[in-house]
Amino acid sequence: MRFGAVPPFDPELGAVLAALGVPESLTPEGLADWQARDAATRPRPTVRELRADGLFDVEELHVPRVPGGSRVPGAPRVPGVPHVGGDGAGLTLVSARPAGVTGPLPLLYYLHGGGMVSGNAWSVLPRVLREWALPLGLAVLSVEYRLAPAARYLEPVEDCLAGLLWAAGHADGLGLDPERIVLGGKSAGGGLAAALALLTRDRGGPPAIGQLLLSPMLDDRNDSFSARQMAGVDPWDRASNATAWQALLGERHGAPDVSPYVAPARATDLAGLPPAYLEVGSAETFRDEVVAYADALWRAGGEAELHVWPGAFHGFDTVAPQASLSQAAREARLRWLRRVVTR
């Protein structure tokens with residue numbers, strides 16, 4: 001099968017990408033240097049900067065990973081499902097909310113992107129706070145989960161689960177409504193949010209009222225039509241995706257029994273999951289796996305709102321925030337979040 005033809009980029013987005021140039025694919029040999037450059041150049045705002053002259057209340061929380069496992073106390077083990085556990089070391093959460101907003105607030109539990117190999121809990125917050133927390137009166141917890149290849153297999157999602165369990169257990173002190181938790185994330189963070197929805201369903205809680213999955217990284221097999229079609233074209237292409245999955249999975253990469261808590265597309269049962277918002281670009285590596293996941297949710301009797309943005313590539317709204325398509329995507333996310341937290 002030939003993969004020469006690709007969907008056209010949206011004109012505004014294509015012009016921005018042409019000016020910037022498509023980045024070289026990430027390789028295993030170049031991963032360490034790439035991570036060092038990312039850590040040195042990615043903006044990491046301080047707590048003071050995130051407070052935006054008093055617009056937001058922000059603090060860093062240092063909480064324990066649960067020694068011996070991030071299981072919900074008393075929840076039964078599920079036969080055939082691997083145990084997910086922490087190592088007892090510390091975990092950092094960044095807690096933020098609009099200043100002066102009182103009462104138990106809905107929580108957006110947000111997981112950053114970066115292909116499981118980069119990113120941090122701080123850099124995503126300026127946009128998350130202004131675009132969602134401020135207009136909707138949301139509390140936000142952003143998680144500094146461990147990154148591959150230093151972290152392998154289940155360790156990133158272990159961190160995400162440990163932080164969620166801690167937050168739910170301390171909801172009163174944090175001013176949170178534990179009955180209104182939305183799991184969210186972009187790219188790798190979207191994949192982790194989907195995995196966390198599966199975990200909390202299988203472990204008995206805490207239940208979420210929604211999952212916000214933005215261009216989620218769902219399938220380690222990396223062999224969809226769109227992954228092959230967009231090779232060398234999408235800024236996050238099949239080669240980069242393979243490098244990231246290999247960094248996370250190590251010797252497990254390509255194995256038939258990879259856990260759905262790592263790669264949610266591997267899940268065979270999507271019943272009983274919270275309502276989902278899924279978005280992806282038509283000119284994006286992840287297009288087909290995201291569409292397939294939405295279809296699997298519908299087939300399982302679930303609720304999913306799917307947006308395939310025409311001519312969008314991976315990370316389009318970050319690269320070109322002023323583009324009309326980026327603005328439309330932000331408006332659609334906000335509408336969905338408003339519906340979910342006000343039901």
# chains A, B, ... in the order shown; residues from 1 in each chain; ligands from 1
>>> select_by_dssp(residues="segment 51-271 of chain A", states="strand (DSSP E or B)", output="VMD selection string")
chain A and resid 56 to 64 67 86 90 to 98 105 to 111 139 to 143 176 to 186 210 to 214
>>> residues_around(residues="Ser259 of chain A", least_positions_apart="2", cutoff="12 Å", atoms="only C-alpha atoms", output="PyMOL selection string")
chain A and resi 80-84+153-154+157+195+198-199+218-220+249+252-257+261-268
>>> closest_residue(among="A:Met217, A:Ala5, A:Ala304, A:Leu138", to="Arg338 of chain A", atoms="only C-alpha atoms")
A:Leu138
>>> residues_around(residues="Glu331 of chain A", least_positions_apart="3", cutoff="12 Å", atoms="only C-alpha atoms", output="mmCIF file with N, CA and C atoms, in the first residue's frame")
data_model
loop_
_atom_site.group_PDB
_atom_site.id
_atom_site.type_symbol
_atom_site.label_atom_id
_atom_site.label_comp_id
_atom_site.auth_asym_id
_atom_site.auth_seq_id
_atom_site.Cartn_x
_atom_site.Cartn_y
_atom_site.Cartn_z
ATOM 1 N N GLU A 131 -7.525 29.287 30.291
ATOM 2 C CA GLU A 131 -8.529 28.818 29.338
ATOM 3 C C GLU A 131 -9.653 28.031 29.995
ATOM 4 N N TRP A 132 -9.375 27.358 31.123
ATOM 5 C CA TRP A 132 -10.381 26.495 31.739
ATOM 6 C C TRP A 132 -10.674 26.851 33.191
ATOM 7 N N PRO A 135 -12.458 30.646 33.679
ATOM 8 C CA PRO A 135 -13.867 30.824 33.292
ATOM 9 C C PRO A 135 -14.823 29.831 33.947
ATOM 10 N N HIS A 307 -13.715 15.024 17.961
ATOM 11 C CA HIS A 307 -13.428 16.087 17.006
ATOM 12 C C HIS A 307 -12.173 15.709 16.219
ATOM 13 N N ASP A 317 -2.378 23.620 18.076
ATOM 14 C CA ASP A 317 -2.838 24.806 18.794
ATOM 15 C C ASP A 317 -1.739 25.425 19.650
ATOM 16 N N SER A 324 -7.408 30.107 13.255
ATOM 17 C CA SER A 324 -8.853 29.931 13.445
ATOM 18 C C SER A 324 -9.175 28.537 13.965
ATOM 19 N N LEU A 325 -8.479 27.525 13.450
ATOM 20 C CA LEU A 325 -8.747 26.156 13.877
ATOM 21 C C LEU A 325 -8.353 25.955 15.345
ATOM 22 N N SER A 326 -7.282 26.572 15.768
ATOM 23 C CA SER A 326 -6.864 26.481 17.166
ATOM 24 C C SER A 326 -7.909 27.115 18.078
ATOM 25 N N GLN A 327 -8.447 28.258 17.663
ATOM 26 C CA GLN A 327 -9.477 28.910 18.457
ATOM 27 C C GLN A 327 -10.741 28.067 18.526
ATOM 28 N N ALA A 328 -11.106 27.440 17.400
ATOM 29 C CA ALA A 328 -12.287 26.579 17.398
ATOM 30 C C ALA A 328 -12.095 25.388 18.329
ATOM 31 N N LEU A 334 -13.767 23.930 25.891
ATOM 32 C CA LEU A 334 -14.395 24.682 26.975
ATOM 33 C C LEU A 334 -15.878 24.342 27.086
ATOM 34 N N ARG A 335 -16.567 24.240 25.950
ATOM 35 C CA ARG A 335 -17.992 23.901 25.986
ATOM 36 C C ARG A 335 -18.200 22.526 26.622
ATOM 37 N N TRP A 336 -17.371 21.554 26.243
ATOM 38 C CA TRP A 336 -17.516 20.207 26.797
ATOM 39 C C TRP A 336 -17.248 20.208 28.300
ATOM 40 N N LEU A 337 -16.170 20.853 28.714
ATOM 41 C CA LEU A 337 -15.854 20.913 30.140
ATOM 42 C C LEU A 337 -16.977 21.566 30.929
ATOM 43 N N ARG A 338 -17.543 22.637 30.401
ATOM 44 C CA ARG A 338 -18.636 23.328 31.102
ATOM 45 C C ARG A 338 -19.822 22.382 31.276
#
>>> closest_residue(among="A:Val117, A:Ala283, A:Pro126, A:Leu192", to="Ala36 of chain A", atoms="only C-alpha atoms")
A:Val117
